[in-house]
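This report concerns only the one structure given below.
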Amino acid sequence: MSFSRRQTLAIMAGSGLSVMLGGRMALATPTEELIANFTGGAEITGEGLTLTAPEIAENGNTVPVEVDAPGAEAIILLATGNPNPDVGVFHFGPLAGAQMASTRIRLAGTQEVVAIAKMSDGSFARAAQEVKVTIGGCGG
């Protein structure tokens with residue numbers, strides 16, 4: 001099967017246009033994909049999650065963050081502006097004394113830190129806080 005030059009150009013233009021238009025609508029941000037994977041697409045409706053992070057971080061290499069969600073089974077922590085936004089997932093068993101975790105994270109620059117908790121009743125809670133970084137920690 002052979003195509004004429006005109007048919008080849010039409011096919012190339014059509015496929016390029018479909019990639020540009022369709023790809024933009026179909027692709028989600030890495031943060032949205034991670035949240036969808038964690039929640040299984042369920043709606044985030046509940047409350048009961050506390051995220052503690054500094055409003056201003058002098059150095060993005062070590063930013064202290066704490067999450068607390070009484071009754072949670074798991075908590076995912078995300079840094080939306082980092083090249084790899086997934087910071088960590090904390091799982092809590094039935095013998096856990098408290099459903100809280102604290103850690104230090106690296107932030108590339110000023111961005112929103114997001115935590116999603118899966119509660120024991122199957123609901124999901126969300127908390128977010130913007131952290132202003134004066135010196136970036138991920139090579140910036």
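Ligands are numbered from 1 in the order shown, residues from 1 within each chain, and chains are lettered A, B, ... in the order they appear in the structure tokens.
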So that I can see what lies close to range 119-122 of chain A, please list as an MDAnalysis selection string the residues with an atom at most 7 Å from it, counting only C-alpha atoms and leaving out residues fewer than 5 positions away in the same chain. chainID A and resid 71:73
Going by DSSP on the backbone, which bits of range 102-140 of chain A are strand (DSSP E or B)? Write them as a PyMOL selection string, please. chain A and resi 102-105+111-119+124-133
Val114 in chain A environment, 10 Å, only C-alpha atoms, sequence neighbours closer than 5 positions dropped, as an NGL selection string: :A and (31 or 35 or 51 or 67 or 76-80 or 85-87 or 126-130)
Could you take the residues named above and write them with all heavy atoms, as a CSV table (one decimal), in the first residue's frame?
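Okay, part12.csv is ready:
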```csv
chain,number,residue,atom,x,y,z
A,31,THR,N,0.9,14.5,40.6
A,31,THR,CA,0.2,14.5,42.0
A,31,THR,C,-1.2,14.0,41.9
A,31,THR,O,-1.6,13.2,42.7
A,31,THR,CB,0.2,16.0,42.5
A,31,THR,OG1,1.5,16.5,42.5
A,31,THR,CG2,-0.4,16.1,43.8
A,35,ILE,N,-2.7,10.7,43.9
A,35,ILE,CA,-3.9,10.8,44.7
A,35,ILE,C,-5.0,9.8,44.2
A,35,ILE,O,-5.6,9.1,45.0
A,35,ILE,CB,-4.5,12.2,44.8
A,35,ILE,CG1,-3.5,13.1,45.5
A,35,ILE,CG2,-5.8,12.2,45.4
A,35,ILE,CD1,-3.8,14.6,45.5
A,51,LEU,N,-2.1,18.6,59.1
A,51,LEU,CA,-0.8,18.7,58.5
A,51,LEU,C,-0.1,19.9,59.1
A,51,LEU,O,-0.6,21.0,59.1
A,51,LEU,CB,-0.9,18.9,57.0
A,51,LEU,CG,0.3,19.2,56.2
A,51,LEU,CD1,1.3,18.0,56.3
A,51,LEU,CD2,0.0,19.5,54.8
A,67,VAL,N,2.1,14.8,60.2
A,67,VAL,CA,0.8,14.5,59.9
A,67,VAL,C,0.2,13.8,61.0
A,67,VAL,O,0.8,12.9,61.7
A,67,VAL,CB,0.6,13.7,58.6
A,67,VAL,CG1,0.9,14.6,57.4
A,67,VAL,CG2,1.5,12.5,58.6
A,76,ILE,N,-0.7,9.4,52.9
A,76,ILE,CA,0.2,9.7,51.8
A,76,ILE,C,0.6,11.2,51.9
A,76,ILE,O,-0.2,12.0,52.2
A,76,ILE,CB,-0.3,9.3,50.4
A,76,ILE,CG1,0.8,9.5,49.4
A,76,ILE,CG2,-1.5,10.2,50.1
A,76,ILE,CD1,0.4,8.9,48.0
A,77,LEU,N,1.9,11.5,51.8
A,77,LEU,CA,2.4,12.8,51.8
A,77,LEU,C,3.0,13.2,50.5
A,77,LEU,O,3.8,12.4,49.9
A,77,LEU,CB,3.5,12.9,52.9
A,77,LEU,CG,4.0,14.3,53.3
A,77,LEU,CD1,2.9,15.2,53.8
A,77,LEU,CD2,5.1,14.1,54.4
A,78,LEU,N,2.6,14.3,49.9
A,78,LEU,CA,3.0,14.7,48.6
A,78,LEU,C,3.5,16.2,48.6
A,78,LEU,O,3.0,17.0,49.3
A,78,LEU,CB,1.8,14.6,47.6
A,78,LEU,CG,1.1,13.3,47.5
A,78,LEU,CD1,-0.2,13.5,46.8
A,78,LEU,CD2,2.0,12.3,46.8
A,79,ALA,N,4.6,16.4,47.8
A,79,ALA,CA,5.1,17.7,47.6
A,79,ALA,C,4.8,18.1,46.1
A,79,ALA,O,5.5,17.6,45.2
A,79,ALA,CB,6.6,17.8,47.9
A,80,THR,N,3.8,18.9,45.9
A,80,THR,CA,3.3,19.0,44.5
A,80,THR,C,4.3,19.7,43.5
A,80,THR,O,4.2,19.5,42.3
A,80,THR,CB,2.0,19.9,44.5
A,80,THR,OG1,2.3,21.2,45.1
A,80,THR,CG2,0.9,19.2,45.3
A,85,PRO,N,6.8,14.0,43.1
A,85,PRO,CA,6.0,14.5,44.2
A,85,PRO,C,5.7,13.6,45.4
A,85,PRO,O,5.3,14.0,46.5
A,85,PRO,CB,4.7,14.9,43.6
A,85,PRO,CG,4.6,14.1,42.3
A,85,PRO,CD,6.0,13.9,41.9
A,86,ASP,N,5.9,12.3,45.2
A,86,ASP,CA,5.6,11.3,46.3
A,86,ASP,C,6.7,11.4,47.3
A,86,ASP,O,7.8,11.0,47.0
A,86,ASP,CB,5.3,9.9,45.8
A,86,ASP,CG,6.4,9.4,44.8
A,86,ASP,OD1,7.1,10.3,44.2
A,86,ASP,OD2,6.6,8.2,44.7
A,87,VAL,N,6.3,11.8,48.5
A,87,VAL,CA,7.3,11.9,49.6
A,87,VAL,C,7.3,10.6,50.4
A,87,VAL,O,8.3,10.1,50.7
A,87,VAL,CB,7.0,13.1,50.5
A,87,VAL,CG1,7.8,13.1,51.8
A,87,VAL,CG2,7.1,14.4,49.8
A,126,ARG,N,-8.3,15.2,53.5
A,126,ARG,CA,-7.2,15.9,52.8
A,126,ARG,C,-6.8,17.1,53.6
A,126,ARG,O,-7.7,17.8,54.2
A,126,ARG,CB,-7.7,16.3,51.5
A,126,ARG,CG,-6.6,17.1,50.6
A,126,ARG,CD,-7.2,17.5,49.3
A,126,ARG,NE,-6.2,18.0,48.4
A,126,ARG,CZ,-5.7,19.2,48.3
A,126,ARG,NH1,-6.2,20.1,49.2
A,126,ARG,NH2,-4.8,19.6,47.5
A,127,ALA,N,-5.5,17.4,53.7
A,127,ALA,CA,-5.0,18.6,54.3
A,127,ALA,C,-3.9,19.1,53.4
A,127,ALA,O,-3.1,18.3,52.8
A,127,ALA,CB,-4.6,18.4,55.7
A,128,ALA,N,-3.7,20.4,53.3
A,128,ALA,CA,-2.7,21.0,52.5
A,128,ALA,C,-2.2,22.3,53.1
A,128,ALA,O,-2.9,23.0,53.8
A,128,ALA,CB,-3.2,21.2,51.0
A,129,GLN,N,-0.9,22.6,52.8
A,129,GLN,CA,-0.4,23.8,53.3
A,129,GLN,C,0.7,24.3,52.3
A,129,GLN,O,1.6,23.5,51.9
A,129,GLN,CB,0.2,23.7,54.7
A,129,GLN,CG,0.8,25.0,55.2
A,129,GLN,CD,1.2,24.9,56.7
A,129,GLN,OE1,0.7,24.0,57.4
A,129,GLN,NE2,2.0,25.8,57.1
A,130,GLU,N,0.7,25.5,52.0
A,130,GLU,CA,1.8,26.1,51.1
A,130,GLU,C,3.0,26.4,52.0
A,130,GLU,O,2.9,27.0,53.1
A,130,GLU,CB,1.4,27.3,50.4
A,130,GLU,CG,2.4,27.8,49.4
A,130,GLU,CD,1.9,29.0,48.6
A,130,GLU,OE1,0.8,29.4,48.7
A,130,GLU,OE2,2.8,29.5,47.9
```
Contacts of Asn59 in chain A at 10 Å or less, counting only C-alpha atoms, minus same-chain residues fewer than 3 places along, as a list of chain:residue names? A:Ile56, A:Thr62, A:Val63, A:Arg106, A:Leu107, A:Ala108, A:Gly109, A:Lys132, A:Val133, A:Thr134, A:Ile135, A:Gly136, A:Gly137
Using only C-alpha atoms, can you tell me which of A:Thr110, A:Asn61, A:Gln99, A:Thr52 comes closest to Ala74 in chain A? A:Gln99
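The space separating CA of Glu47 in chain A from CA of Asn84 in chain A comes to 26.3 Å.
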What residues in chain A get the DSSP label alpha helix (DSSP H)? Please answer as a PyMOL selection string. chain A and resi 5-26+30-39
Shell around Val131 in chain A at 7 Å using only C-alpha atoms, local window under 6 positions removed, as a ChimeraX atom specification: /A:54-57,110-112
Output of the above residues as a PDB file, in the first residue's frame, restricted to N, CA and C atoms:
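Writing the result to out33.pdb gives the following:
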```pdb
ATOM      1  N   PRO A  54       6.054  24.316  58.303  1.00  0.00           N
ATOM      2  CA  PRO A  54       6.341  25.746  58.470  1.00  0.00           C
ATOM      3  C   PRO A  54       5.792  26.560  57.305  1.00  0.00           C
ATOM      4  N   GLU A  55       5.387  27.783  57.593  1.00  0.00           N
ATOM      5  CA  GLU A  55       4.907  28.667  56.537  1.00  0.00           C
ATOM      6  C   GLU A  55       6.067  29.107  55.643  1.00  0.00           C
ATOM      7  N   ILE A  56       7.225  29.348  56.273  1.00  0.00           N
ATOM      8  CA  ILE A  56       8.433  29.731  55.537  1.00  0.00           C
ATOM      9  C   ILE A  56       9.554  28.797  55.961  1.00  0.00           C
ATOM     10  N   ALA A  57      10.215  28.185  54.965  1.00  0.00           N
ATOM     11  CA  ALA A  57      11.364  27.326  55.235  1.00  0.00           C
ATOM     12  C   ALA A  57      12.613  28.025  54.718  1.00  0.00           C
ATOM     13  N   THR A 110       9.077  26.990  46.552  1.00  0.00           N
ATOM     14  CA  THR A 110       7.786  27.286  47.168  1.00  0.00           C
ATOM     15  C   THR A 110       6.712  26.429  46.508  1.00  0.00           C
ATOM     16  N   GLN A 111       5.938  25.723  47.317  1.00  0.00           N
ATOM     17  CA  GLN A 111       4.941  24.801  46.788  1.00  0.00           C
ATOM     18  C   GLN A 111       3.977  24.361  47.873  1.00  0.00           C
ATOM     19  N   GLU A 112       2.963  23.636  47.440  1.00  0.00           N
ATOM     20  CA  GLU A 112       1.958  23.108  48.353  1.00  0.00           C
ATOM     21  C   GLU A 112       2.353  21.695  48.776  1.00  0.00           C
TER      22      GLU A 112
END
```
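Counting only C-alpha atoms, the residue from A:Ala42, A:Arg104, A:Gly48, A:Thr29 that sits nearest to Gly60 in chain A is A:Arg104.
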To one decimal in Å, tell me the separation between CA of Val113 in chain A and CA of Pro94 in chain A. 27.1 Å
Mind pulling up the distance from CA of Ala125 in chain A to CA of Pro64 in chain A? 20.9 Å
